[in-house]
$ cat run02.cif   # mmCIF, C-alpha atoms and all ligand atoms
data_upload
#
loop_
_atom_site.label_atom_id
_atom_site.label_comp_id
_atom_site.auth_asym_id
_atom_site.auth_seq_id
_atom_site.Cartn_x
_atom_site.Cartn_y
_atom_site.Cartn_z
CA MET E 973 167.83 184.61 61.79
CA ASN E 974 170.53 185.08 59.17
CA ARG E 975 169.59 185.64 55.48
CA GLY E 976 166.10 184.35 56.24
CA LYS E 977 167.36 181.09 57.78
CA PRO E 978 167.66 180.11 61.44
CA ILE E 979 171.12 181.21 62.44
CA ALA E 980 173.83 178.74 63.35
CA TYR E 981 176.12 181.10 65.23
CA LEU E 982 179.65 179.73 65.07
CA ASP E 983 181.58 182.95 65.65
CA ASN E 984 181.79 182.68 69.41
CA ALA E 985 185.51 183.44 69.54
CA ALA E 986 184.65 186.90 68.20
CA SER E 987 181.71 187.49 70.54
CA SER E 988 179.10 185.40 72.31
CA GLN E 989 175.31 185.61 72.42
CA LYS E 990 173.75 186.82 75.68
CA PRO E 991 171.36 185.03 78.00
CA THR E 992 168.09 186.83 78.82
CA CYS E 993 169.14 187.35 82.44
CA VAL E 994 172.12 189.45 81.29
CA ILE E 995 169.98 191.56 78.93
CA ASP E 996 167.38 191.99 81.70
CA SER E 997 170.03 193.08 84.20
CA LEU E 998 171.01 195.93 81.86
CA SER E 999 167.48 197.20 81.33
CA ASP E 1000 166.72 196.73 85.03
CA TYR E 1001 169.65 198.94 85.96
CA TYR E 1002 168.64 201.67 83.51
CA GLN E 1003 164.97 201.50 84.41
CA ARG E 1004 165.22 201.22 88.19
CA PHE E 1005 168.68 202.14 89.45
CA ASN E 1006 170.26 204.51 86.95
CA SER E 1007 172.61 206.90 88.73
CA ASN E 1008 176.33 207.47 89.13
CA VAL E 1009 178.41 205.44 91.56
CA HIS E 1010 180.87 206.53 94.27
CA ARG E 1011 179.24 209.94 94.67
CA GLY E 1012 175.60 210.15 95.68
CA ILE E 1013 174.30 209.90 99.22
CA TYR E 1014 170.71 209.32 98.08
CA GLU E 1015 169.12 205.89 97.98
CA LEU E 1016 169.21 205.45 94.19
CA ALA E 1017 172.96 206.08 94.10
CA GLU E 1018 173.48 203.72 97.00
CA ASP E 1019 171.54 201.02 95.16
CA ALA E 1020 173.60 201.52 92.01
CA GLU E 1021 176.78 201.44 94.10
CA SER E 1022 175.78 198.22 95.78
CA LEU E 1023 174.93 196.55 92.44
CA TYR E 1024 178.30 197.68 91.05
CA THR E 1025 180.16 196.45 94.15
CA ASN E 1026 178.31 193.14 94.07
CA ALA E 1027 179.30 192.62 90.44
CA ARG E 1028 182.94 193.04 91.42
CA LYS E 1029 182.50 190.61 94.32
CA CYS E 1030 180.78 188.06 92.13
CA ILE E 1031 183.63 188.15 89.59
CA ALA E 1032 186.32 188.02 92.29
CA ASN E 1033 184.58 185.09 93.89
CA TYR E 1034 184.30 183.20 90.61
CA LEU E 1035 188.01 183.67 89.91
CA SER E 1036 188.99 182.89 93.56
CA VAL E 1037 190.68 186.24 94.14
CA GLU E 1038 190.07 189.33 96.32
CA ASN E 1039 187.61 192.11 95.38
CA ASN E 1040 190.33 194.76 95.31
CA GLU E 1041 192.22 192.70 92.72
CA ILE E 1042 189.45 193.16 90.13
CA ILE E 1043 189.64 196.26 87.92
CA PHE E 1044 186.87 197.08 85.47
CA VAL E 1045 188.04 198.11 82.00
CA ARG E 1046 186.47 198.19 78.53
CA GLY E 1047 187.72 194.76 77.56
CA ALA E 1048 190.79 192.58 77.13
CA THR E 1049 192.38 195.17 74.83
CA GLU E 1050 192.11 197.97 77.35
CA GLY E 1051 193.21 195.56 80.07
CA LEU E 1052 196.42 194.69 78.27
CA ASN E 1053 197.06 198.37 77.54
CA LEU E 1054 196.56 199.12 81.23
CA ILE E 1055 199.07 196.46 82.25
CA ALA E 1056 201.65 197.44 79.62
CA ASN E 1057 201.36 201.08 80.65
CA THR E 1058 201.56 200.56 84.40
CA LEU E 1059 203.66 197.44 84.87
CA GLY E 1060 205.69 198.18 81.75
CA ARG E 1061 206.27 201.85 82.57
CA SER E 1062 207.31 201.16 86.17
CA GLN E 1063 209.17 197.85 85.89
CA LEU E 1064 210.80 197.75 82.45
CA LYS E 1065 214.07 199.47 81.65
CA ARG E 1066 216.50 199.58 78.75
CA GLY E 1067 217.83 196.11 77.92
CA ASP E 1068 214.91 194.24 79.52
CA VAL E 1069 212.98 191.69 77.52
CA VAL E 1070 209.25 191.08 77.25
CA ILE E 1071 208.43 187.55 76.11
CA LEU E 1072 205.40 187.07 73.85
CA THR E 1073 204.38 184.12 71.71
CA GLU E 1074 203.72 183.81 68.01
CA MET E 1075 200.08 182.94 68.67
CA GLU E 1076 199.19 186.22 70.38
CA HIS E 1077 196.29 188.44 69.36
CA HIS E 1078 197.33 191.94 68.27
CA ALA E 1079 195.91 193.17 71.59
CA ASN E 1080 198.73 191.31 73.33
CA ILE E 1081 201.42 192.48 70.94
CA VAL E 1082 200.93 196.14 70.07
CA PRO E 1083 200.66 197.57 73.62
CA TRP E 1084 203.97 195.86 74.50
CA GLN E 1085 205.62 197.14 71.33
CA MET E 1086 204.53 200.66 72.22
CA ILE E 1087 205.82 200.51 75.79
CA CYS E 1088 209.05 198.72 74.84
CA GLU E 1089 209.79 201.46 72.36
CA GLN E 1090 209.31 204.07 75.09
CA VAL E 1091 211.49 202.39 77.72
CA GLY E 1092 214.11 200.79 75.47
CA ALA E 1093 213.12 197.19 76.17
CA THR E 1094 212.84 194.53 73.48
CA ILE E 1095 210.39 191.77 72.61
CA GLU E 1096 211.28 188.12 72.22
CA VAL E 1097 208.82 185.88 70.43
CA ILE E 1098 208.38 182.19 71.23
CA PRO E 1099 207.51 180.17 68.13
CA VAL E 1100 204.56 177.87 67.58
CA LEU E 1101 205.24 174.25 66.54
CA PRO E 1102 203.55 172.70 63.49
CA ASP E 1103 200.70 171.21 65.56
CA GLY E 1104 199.90 174.65 66.99
CA SER E 1105 201.44 174.04 70.40
CA LEU E 1106 203.93 176.42 71.92
CA ASP E 1107 207.62 175.58 71.78
CA LEU E 1108 207.94 175.12 75.54
CA GLU E 1109 211.61 174.24 75.39
CA LYS E 1110 212.38 177.59 73.75
CA LEU E 1111 210.08 179.36 76.18
CA PHE E 1112 211.75 177.85 79.24
CA ASN E 1113 215.22 178.68 77.86
CA SER E 1114 214.17 182.28 77.33
CA LEU E 1115 212.67 182.50 80.81
CA ALA E 1116 216.01 181.38 82.21
CA ASN E 1117 218.27 183.71 80.22
CA GLY E 1118 218.20 186.46 82.84
CA LYS E 1119 216.91 189.23 80.60
CA ALA E 1120 213.17 188.70 80.66
CA ARG E 1121 211.06 190.80 83.05
CA VAL E 1122 207.59 190.08 81.71
CA LEU E 1123 205.90 187.17 79.96
CA SER E 1124 202.56 187.99 78.36
CA ILE E 1125 200.76 184.99 76.91
CA CYS E 1126 197.30 183.84 75.93
CA ALA E 1127 195.72 181.00 77.91
CA THR E 1128 193.92 179.84 74.76
CA SER E 1129 194.65 180.86 71.17
CA ASN E 1130 191.72 182.49 69.36
CA THR E 1131 192.94 181.06 66.06
CA LEU E 1132 194.47 177.65 66.85
CA GLY E 1133 192.42 176.74 69.91
CA THR E 1134 195.69 175.74 71.60
CA VAL E 1135 195.41 175.67 75.38
CA ASN E 1136 198.71 176.71 76.96
CA PRO E 1137 199.84 175.10 80.26
CA ILE E 1138 199.61 178.36 82.17
CA LYS E 1139 200.19 176.96 85.66
CA LYS E 1140 203.39 175.19 84.66
CA ILE E 1141 204.62 178.19 82.65
CA THR E 1142 203.86 180.55 85.53
CA GLU E 1143 205.75 178.38 88.00
CA GLU E 1144 208.76 178.38 85.70
CA ALA E 1145 208.60 182.15 85.09
CA HIS E 1146 208.31 182.88 88.79
CA LYS E 1147 211.50 180.92 89.50
CA HIS E 1148 213.24 183.69 87.54
CA GLY E 1149 211.26 186.60 89.02
CA ILE E 1150 209.34 187.24 85.80
CA PHE E 1151 205.87 188.81 85.87
CA VAL E 1152 203.25 186.65 84.16
CA VAL E 1153 200.40 188.35 82.31
CA VAL E 1154 197.69 186.05 80.94
CA ASP E 1155 195.29 186.98 78.16
CA GLY E 1156 192.24 184.97 79.19
CA ALA E 1157 189.88 186.31 76.51
CA GLN E 1158 189.46 182.86 74.95
CA SER E 1159 189.75 180.67 78.03
CA MET E 1160 187.02 182.21 80.19
CA PRO E 1161 184.11 180.93 78.04
CA HIS E 1162 185.46 177.37 77.89
CA GLU E 1163 186.90 176.42 81.26
CA LYS E 1164 186.56 177.17 84.95
CA ILE E 1165 189.27 179.64 85.82
CA ASN E 1166 190.80 179.62 89.29
CA LEU E 1167 193.43 182.34 89.49
CA SER E 1168 194.69 181.50 92.93
CA GLU E 1169 195.57 178.06 91.57
CA SER E 1170 197.00 179.33 88.28
CA GLY E 1171 199.33 181.70 90.14
CA CYS E 1172 199.61 184.27 87.34
CA ASP E 1173 200.19 187.90 88.27
CA PHE E 1174 197.67 189.42 85.84
CA PHE E 1175 194.71 188.04 83.89
CA VAL E 1176 192.43 189.89 81.50
CA PHE E 1177 189.18 189.05 79.74
CA SER E 1178 186.33 190.71 77.82
CA GLY E 1179 182.73 190.56 79.00
CA HIS E 1180 181.24 190.18 75.54
CA LYS E 1181 183.02 186.86 74.93
CA VAL E 1182 181.69 185.37 78.18
CA PHE E 1183 177.99 185.98 77.55
CA GLY E 1184 178.18 189.47 79.09
CA PRO E 1185 177.76 192.96 77.63
CA MET E 1186 180.01 194.77 75.18
CA GLY E 1187 182.32 197.51 76.45
CA ILE E 1188 183.19 195.90 79.77
CA GLY E 1189 186.02 193.64 80.81
CA VAL E 1190 188.28 192.83 83.69
CA VAL E 1191 191.90 193.04 84.73
CA PHE E 1192 192.87 190.85 87.64
CA GLY E 1193 196.14 191.91 89.25
CA LYS E 1194 197.73 190.52 92.40
CA ALA E 1195 197.15 193.07 95.18
CA SER E 1196 200.83 193.11 96.16
CA ILE E 1197 201.76 194.14 92.61
CA LEU E 1198 198.87 196.55 91.98
CA ASP E 1199 199.91 198.37 95.16
CA ILE E 1200 203.25 199.34 93.66
CA LEU E 1201 201.99 200.30 90.19
CA PRO E 1202 201.40 203.88 89.06
CA PRO E 1203 197.92 204.88 87.84
CA TYR E 1204 196.82 204.24 84.26
CA GLN E 1205 194.54 207.17 83.43
CA GLY E 1206 194.05 210.28 85.55
CA GLY E 1207 190.76 211.89 86.50
CA GLY E 1208 187.93 211.63 88.98
CA ASP E 1209 187.51 208.66 91.30
CA MET E 1210 191.13 207.49 91.10
CA ILE E 1211 192.52 210.08 93.48
CA ASP E 1212 193.04 210.49 97.19
CA GLN E 1213 193.81 214.25 97.31
CA VAL E 1214 194.27 216.68 94.44
CA SER E 1215 196.06 220.00 94.61
CA PHE E 1216 198.05 222.00 92.10
CA GLU E 1217 201.12 221.17 94.13
CA GLY E 1218 200.62 217.44 93.65
CA THR E 1219 198.09 214.64 93.70
CA THR E 1220 197.89 211.44 95.70
CA PHE E 1221 196.06 208.40 94.45
CA ALA E 1222 193.39 206.04 95.73
CA PRO E 1223 194.25 202.40 96.44
CA SER E 1224 193.46 199.68 93.91
CA PRO E 1225 191.08 199.07 92.22
CA GLN E 1226 189.91 202.73 92.27
CA ARG E 1227 193.38 203.92 91.27
CA PHE E 1228 192.92 202.22 87.91
CA GLU E 1229 189.30 203.21 87.28
CA ALA E 1230 189.36 206.90 86.40
CA GLY E 1231 186.07 208.59 85.62
CA THR E 1232 182.51 207.31 85.59
CA PRO E 1233 182.66 203.58 84.98
CA ASN E 1234 180.45 201.45 82.76
CA VAL E 1235 178.10 200.68 85.64
CA ALA E 1236 175.48 198.86 83.60
CA GLY E 1237 178.20 196.86 81.85
CA ALA E 1238 179.77 195.81 85.14
CA ILE E 1239 176.39 194.75 86.53
CA GLY E 1240 175.64 192.82 83.33
CA LEU E 1241 179.03 191.14 83.47
CA GLY E 1242 178.47 190.19 87.09
CA ARG E 1243 175.19 188.60 86.02
CA ALA E 1244 176.92 186.76 83.16
CA ILE E 1245 179.54 185.39 85.55
CA GLN E 1246 176.80 184.28 87.93
CA TYR E 1247 175.21 182.51 84.95
CA LEU E 1248 178.55 180.93 84.06
CA SER E 1249 179.03 179.75 87.63
CA GLN E 1250 175.81 177.77 87.33
CA LEU E 1251 177.10 175.85 84.34
CA ASP E 1252 179.20 172.75 84.80
CA MET E 1253 182.27 173.89 82.87
CA GLN E 1254 183.56 170.34 82.65
CA GLU E 1255 180.36 169.37 80.84
CA VAL E 1256 180.53 172.50 78.70
CA GLN E 1257 184.00 171.50 77.57
CA VAL E 1258 182.96 167.92 76.78
CA HIS E 1259 179.97 169.16 74.78
CA GLU E 1260 181.90 171.78 72.80
CA ARG E 1261 184.75 169.39 72.01
CA LYS E 1262 182.30 166.75 70.86
CA LEU E 1263 180.90 169.25 68.35
CA LEU E 1264 184.44 170.09 67.27
CA LYS E 1265 185.28 166.41 66.79
CA GLU E 1266 182.13 165.80 64.74
CA ALA E 1267 183.06 168.66 62.44
CA GLN E 1268 186.73 167.62 62.24
CA GLU E 1269 185.92 164.00 61.36
CA GLN E 1270 183.79 165.00 58.41
CA LEU E 1271 185.73 167.99 57.15
CA HIS E 1272 189.07 166.17 57.09
CA GLN E 1273 187.61 163.95 54.37
CA ILE E 1274 187.48 166.92 51.98
CA ASP E 1275 190.36 167.02 49.49
CA GLY E 1276 192.71 169.92 50.26
CA PHE E 1277 191.21 170.57 53.72
CA LYS E 1278 193.76 171.79 56.23
CA GLU E 1279 193.18 172.50 59.90
CA TYR E 1280 195.45 174.91 61.81
CA GLY E 1281 196.01 173.86 65.41
CA THR E 1282 195.74 170.13 65.93
CA THR E 1283 196.85 169.60 69.52
CA ALA E 1284 194.87 167.00 71.46
CA ASN E 1285 193.92 169.49 74.16
CA LYS E 1286 192.38 172.28 72.13
CA ALA E 1287 189.39 174.53 72.66
CA ALA E 1288 186.47 174.22 70.25
CA VAL E 1289 187.97 176.51 67.61
CA LEU E 1290 188.36 175.18 64.09
CA SER E 1291 190.54 177.26 61.76
CA PHE E 1292 190.88 175.86 58.27
CA THR E 1293 191.64 176.43 54.63
CA ILE E 1294 190.68 174.42 51.57
CA SER E 1295 193.20 174.48 48.77
CA SER E 1296 192.31 176.71 45.81
CA VAL E 1297 189.26 178.10 47.63
CA HIS E 1298 189.35 181.51 49.28
CA PRO E 1299 188.15 181.35 52.92
CA HIS E 1300 186.01 184.42 52.29
CA ASP E 1301 184.09 182.63 49.53
CA VAL E 1302 183.42 179.68 51.85
CA ALA E 1303 182.10 182.07 54.51
CA SER E 1304 179.84 183.81 51.97
CA ILE E 1305 178.25 180.54 50.97
CA LEU E 1306 177.82 179.61 54.63
CA ASP E 1307 176.26 183.01 55.28
CA ALA E 1308 173.62 182.33 52.63
CA GLU E 1309 172.85 179.09 54.51
CA GLY E 1310 172.37 180.98 57.79
CA ILE E 1311 175.75 179.99 59.22
CA ALA E 1312 177.99 182.59 60.83
CA ILE E 1313 181.72 181.90 60.82
CA ARG E 1314 184.70 184.23 60.59
CA THR E 1315 187.43 184.59 58.00
CA GLY E 1316 190.59 186.64 57.90
CA HIS E 1317 193.72 186.95 60.01
CA HIS E 1318 191.77 186.96 63.31
CA CYS E 1319 193.97 189.83 64.55
CA CYS E 1320 196.94 187.43 64.49
CA GLN E 1321 198.96 188.62 61.50
CA PRO E 1322 202.31 187.35 62.88
CA LEU E 1323 200.77 183.90 63.41
CA MET E 1324 199.32 183.91 59.89
CA LYS E 1325 202.77 184.73 58.55
CA SER E 1326 204.30 181.78 60.38
CA LEU E 1327 201.50 179.50 59.15
CA GLY E 1328 202.16 180.73 55.62
CA VAL E 1329 198.59 181.84 54.96
CA GLU E 1330 196.90 185.20 54.55
CA ALA E 1331 193.66 184.09 56.13
CA THR E 1332 191.74 181.11 57.44
CA ALA E 1333 188.06 180.36 57.91
CA ARG E 1334 187.22 179.85 61.57
CA ALA E 1335 184.27 178.19 63.24
CA SER E 1336 184.17 178.57 67.01
CA PHE E 1337 181.69 176.82 69.28
CA ALA E 1338 179.95 177.74 72.53
CA PHE E 1339 177.97 175.67 75.02
CA TYR E 1340 174.67 176.58 73.31
CA ASN E 1341 175.64 175.20 69.90
CA THR E 1342 174.06 171.93 68.86
CA PRO E 1343 174.96 168.83 66.81
CA GLU E 1344 172.32 169.95 64.25
CA GLU E 1345 174.10 173.27 63.79
CA THR E 1346 177.40 171.44 63.42
CA GLU E 1347 175.87 169.17 60.81
CA ARG E 1348 174.52 172.18 58.89
CA PHE E 1349 177.96 173.78 59.04
CA VAL E 1350 179.68 170.68 57.67
CA LYS E 1351 177.10 170.29 54.93
CA ALA E 1352 177.45 173.92 53.92
CA VAL E 1353 181.25 173.67 53.78
CA LYS E 1354 180.91 170.64 51.51
CA LYS E 1355 178.44 172.58 49.37
CA SER E 1356 180.86 175.49 49.12
CA VAL E 1357 183.60 173.15 47.94
CA ALA E 1358 181.28 171.69 45.29
CA ILE E 1359 180.40 175.21 44.07
CA LEU E 1360 183.86 176.74 44.24
CA THR E 1361 186.09 174.01 42.83
N1 LIG E 1401 192.90 188.43 73.11
C1 LIG E 1401 192.34 187.41 72.45
C2 LIG E 1401 192.96 186.05 72.54
C3 LIG E 1401 191.18 187.62 71.70
O1 LIG E 1401 190.63 186.61 71.05
C4 LIG E 1401 190.62 188.92 71.65
C5 LIG E 1401 189.39 189.19 70.82
N2 LIG E 1401 189.33 188.56 69.60
C6 LIG E 1401 191.25 189.95 72.36
C7 LIG E 1401 192.38 189.66 73.07
C8 LIG E 1401 190.72 191.33 72.35
O2 LIG E 1401 189.45 191.39 72.93
P1 LIG E 1401 188.56 192.70 72.84
O3 LIG E 1401 188.49 193.06 71.40
O4 LIG E 1401 187.25 192.26 73.39
O5 LIG E 1401 189.22 193.74 73.67
#
$ encode --input "run02.cif" --output "structure tokens"
Amino acid sequence: MNRGKPIAYLDNAASSQKPTCVIDSLSDYYQRFNSNVHRGIYELAEDAESLYTNARKCIANYLSVENNEIIFVRGATEGLNLIANTLGRSQLKRGDVVILTEMEHHANIVPWQMICEQVGATIEVIPVLPDGSLDLEKLFNSLANGKARVLSICATSNTLGTVNPIKKITEEAHKHGIFVVVDGAQSMPHEKINLSESGCDFFVFSGHKVFGPMGIGVVFGKASILDILPPYQGGGDMIDQVSFEGTTFAPSPQRFEAGTPNVAGAIGLGRAIQYLSQLDMQEVQVHERKLLKEAQEQLHQIDGFKEYGTTANKAAVLSFTISSVHPHDVASILDAEGIAIRTGHHCCQPLMKSLGVEATARASFAFYNTPEETERFVKAVKKSVAILT
């Protein structure tokens, strides 16, 4: 419920709702298997270890990669920080360039700024065209200019819904020996991801956006690259031998998972991915995009309505403004009607600047949303316009 009305939850790009099986897997772990992993030789610890290991296997399997290429982290943000700090610290040097795009989330900007400042590298930003697509010509020119070492790019924009052609981009980047890091936070819930096909070197996502728990996420890294990277954080579990003279480190993924991990979170995420694997993602996409189209068709009739991101192949994310109405006021009226959407800069301040707006309202759909909810959303937006103009 929301404000006493049945909720129409259209803030899925921020976080998703969880299926019962995921919630049950968390309470099951705490009630029946709660113990630390990697350490105990008693049965309970072995059970916890095997659930944790199975979660990793399940995720690796879903993404078509190897188990030792899956690293558990807190979420996409920590994942990108891990990559910037290990790949960036070991591979970037003064004069190198990291390519980002204008549509990146702050989580895929700030960690690179921090590492570039430390090593003396610079950032080049690829612009977004008026329809919300990436300027591929500029991107390909930059990939070929001999300075870039890393490209870090979202698969799907959280604000525009734009789906970037990751496979093609990766192929092009690899021709020039550039590492490709993909922020998959917004693509995982909407399409079947096959990383051995995509070819990227790194891929990150957050559990809570793919129907899994909060506080858990994944970094995929190609084994051949992870093997040459230094550790991220130091502590227990990531070592081989420790002495005051010097320490040696465990192989991946342990090298990148210092300390007691979020065992329950990993198990819950494994369960969420199992749940996802039972959905037909093709059908999910058709359903979500149908809802998007229904909303678009009606909302575009409103005077002063503007949608940001209008490419044909876009995820079910609808960012909009209505002239002379503040997005926040629209969202407040929707809230009173039981409808949850988001307003603001969506952690994409550079993108907002290039769009020439301070904020947009954003509705984002998931497979469990319905045409009735979409209809209520449209009706409430129309009502807000009637009240506010
Ligand atoms: N990248 C993108 C594209 C996102 O949409 C988000 C979350 N809004 C993140 C990264 C960061 O995810 P988290 O806050 O779960 O770490």
$ residues_around --input "run02.cif" --residues "Gly1149 (chain E)" --least-positions-apart "5" --cutoff "10 Å" --atoms "all atoms listed in the file" --output "PyMOL selection string"
chain E and resi 1115-1116+1118+1120-1122+1143-1144
$ residues_near_ligand --input "run02.cif" --ligand "ligand LIG 1401 (chain E)" --cutoff "7 Å" --atoms "only C-alpha atoms and all ligand atoms" --output "CSV table (one decimal) with C-alpha atoms, in the coordinates of the input"
chain,number,residue,atom,x,y,z
E,985,ALA,CA,185.5,183.4,69.5
E,986,ALA,CA,184.6,186.9,68.2
E,1047,GLY,CA,187.7,194.8,77.6
E,1048,ALA,CA,190.8,192.6,77.1
E,1049,THR,CA,192.4,195.2,74.8
E,1050,GLU,CA,192.1,198.0,77.4
E,1076,GLU,CA,199.2,186.2,70.4
E,1077,HIS,CA,196.3,188.4,69.4
E,1079,ALA,CA,195.9,193.2,71.6
E,1080,ASN,CA,198.7,191.3,73.3
E,1126,CYS,CA,197.3,183.8,75.9
E,1128,THR,CA,193.9,179.8,74.8
E,1129,SER,CA,194.6,180.9,71.2
E,1130,ASN,CA,191.7,182.5,69.4
E,1155,ASP,CA,195.3,187.0,78.2
E,1156,GLY,CA,192.2,185.0,79.2
E,1157,ALA,CA,189.9,186.3,76.5
E,1158,GLN,CA,189.5,182.9,75.0
E,1178,SER,CA,186.3,190.7,77.8
E,1180,HIS,CA,181.2,190.2,75.5
E,1318,HIS,CA,191.8,187.0,63.3
E,1319,CYS,CA,194.0,189.8,64.6
$ closest_residue --input "run02.cif" --among "E:Lys1119, E:Lys1325, E:Lys1139, E:His1148" --to "Cys1172 (chain E)" --atoms "only C-alpha atoms"
E:Lys1139
$ closest_residue --input "run02.cif" --among "E:Met1075, E:Val1191, E:Met973, E:Val1152" --to "Asn1053 (chain E)" --atoms "all atoms listed in the file"
E:Val1191
$ residues_around --input "run02.cif" --residues "Pro1322 (chain E)" --least-positions-apart "2" --cutoff "12 Å" --atoms "only C-alpha atoms" --output "ChimeraX atom specification"
/E:1072-1078,1080-1082,1097-1100,1131,1317-1320,1324-1331
$ write_last_selection --input "run02.cif" --atoms "C-alpha atoms" --output "PDB file, keeping the file's coordinate frame"
ATOM      1  CA  LEU E1072     205.400 187.070  73.850  1.00  0.00           C
ATOM      2  CA  THR E1073     204.380 184.120  71.710  1.00  0.00           C
ATOM      3  CA  GLU E1074     203.720 183.810  68.010  1.00  0.00           C
ATOM      4  CA  MET E1075     200.080 182.940  68.670  1.00  0.00           C
ATOM      5  CA  GLU E1076     199.190 186.220  70.380  1.00  0.00           C
ATOM      6  CA  HIS E1077     196.290 188.440  69.360  1.00  0.00           C
ATOM      7  CA  HIS E1078     197.330 191.940  68.270  1.00  0.00           C
ATOM      8  CA  ASN E1080     198.730 191.310  73.330  1.00  0.00           C
ATOM      9  CA  ILE E1081     201.420 192.480  70.940  1.00  0.00           C
ATOM     10  CA  VAL E1082     200.930 196.140  70.070  1.00  0.00           C
ATOM     11  CA  VAL E1097     208.820 185.880  70.430  1.00  0.00           C
ATOM     12  CA  ILE E1098     208.380 182.190  71.230  1.00  0.00           C
ATOM     13  CA  PRO E1099     207.510 180.170  68.130  1.00  0.00           C
ATOM     14  CA  VAL E1100     204.560 177.870  67.580  1.00  0.00           C
ATOM     15  CA  THR E1131     192.940 181.060  66.060  1.00  0.00           C
ATOM     16  CA  HIS E1317     193.720 186.950  60.010  1.00  0.00           C
ATOM     17  CA  HIS E1318     191.770 186.960  63.310  1.00  0.00           C
ATOM     18  CA  CYS E1319     193.970 189.830  64.550  1.00  0.00           C
ATOM     19  CA  CYS E1320     196.940 187.430  64.490  1.00  0.00           C
ATOM     20  CA  MET E1324     199.320 183.910  59.890  1.00  0.00           C
ATOM     21  CA  LYS E1325     202.770 184.730  58.550  1.00  0.00           C
ATOM     22  CA  SER E1326     204.300 181.780  60.380  1.00  0.00           C
ATOM     23  CA  LEU E1327     201.500 179.500  59.150  1.00  0.00           C
ATOM     24  CA  GLY E1328     202.160 180.730  55.620  1.00  0.00           C
ATOM     25  CA  VAL E1329     198.590 181.840  54.960  1.00  0.00           C
ATOM     26  CA  GLU E1330     196.900 185.200  54.550  1.00  0.00           C
ATOM     27  CA  ALA E1331     193.660 184.090  56.130  1.00  0.00           C
TER      28      ALA E1331
END
$ closest_residue --input "run02.cif" --among "E:Glu1015, E:Met1160, E:Thr1282, E:Val1289" --to "Phe1177 (chain E)" --atoms "only C-alpha atoms"
E:Met1160
$ closest_residue --input "run02.cif" --among "E:Phe1005, E:Phe1151, E:Phe1228, E:Phe1044" --to "Val1070 (chain E)" --atoms "all atoms listed in the file"
E:Phe1151
$ closest_residue --input "run02.cif" --among "E:Glu1163, E:Gly1206, E:Arg1227, E:Gly1187" --to "Val1258 (chain E)" --atoms "all atoms listed in the file"
E:Glu1163
$ closest_residue --input "run02.cif" --among "E:Ile995, E:Ala980, E:Leu1264, E:Val1009" --to "Thr1232 (chain E)" --atoms "all atoms listed in the file"
E:Val1009
$ atom_distance --input "run02.cif" --atom1 "CA of Leu1035 (chain E)" --atom2 "CA of Lys1181 (chain E)"
16.1 Å
$ axis_aligned_box --input "run02.cif" --around "region 1133-1138 of chain E" --padding-each-side "8 Å" --output "JSON"
{"center_x": 196.1, "center_y": 176.7, "center_z": 76.0, "size_x": 23.4, "size_y": 19.3, "size_z": 28.3}
$ decode --input "run02.cif" --residues "region 1161-1168 of chain E" --atoms "N, CA, C and O atoms" --output "short mmCIF file (atom, residue, chain, number, x, y, z; two decimals), in the first residue's frame"
data_model
loop_
_atom_site.label_atom_id
_atom_site.label_comp_id
_atom_site.auth_asym_id
_atom_site.auth_seq_id
_atom_site.Cartn_x
_atom_site.Cartn_y
_atom_site.Cartn_z
N PRO E 1161 17.93 -6.61 -15.13
CA PRO E 1161 16.51 -6.92 -14.90
C PRO E 1161 15.69 -7.01 -16.18
O PRO E 1161 14.55 -7.46 -16.13
N HIS E 1162 16.24 -6.58 -17.32
CA HIS E 1162 15.42 -6.46 -18.52
C HIS E 1162 15.81 -7.37 -19.67
O HIS E 1162 15.08 -7.46 -20.65
N GLU E 1163 16.97 -7.97 -19.61
CA GLU E 1163 17.37 -8.83 -20.74
C GLU E 1163 18.25 -9.97 -20.26
O GLU E 1163 18.88 -9.87 -19.20
N LYS E 1164 18.29 -11.03 -21.04
CA LYS E 1164 19.15 -12.16 -20.69
C LYS E 1164 20.59 -11.78 -21.03
O LYS E 1164 20.90 -11.44 -22.17
N ILE E 1165 21.43 -11.85 -20.03
CA ILE E 1165 22.82 -11.44 -20.25
C ILE E 1165 23.69 -12.68 -20.45
O ILE E 1165 23.67 -13.60 -19.62
N ASN E 1166 24.45 -12.68 -21.53
CA ASN E 1166 25.40 -13.76 -21.77
C ASN E 1166 26.78 -13.11 -21.96
O ASN E 1166 27.06 -12.52 -22.99
N LEU E 1167 27.60 -13.22 -20.92
CA LEU E 1167 28.86 -12.47 -20.96
C LEU E 1167 29.91 -13.10 -21.85
O LEU E 1167 30.80 -12.41 -22.33
N SER E 1168 29.79 -14.41 -22.09
CA SER E 1168 30.79 -14.97 -23.01
C SER E 1168 30.49 -14.51 -24.43
O SER E 1168 31.39 -14.39 -25.25
#
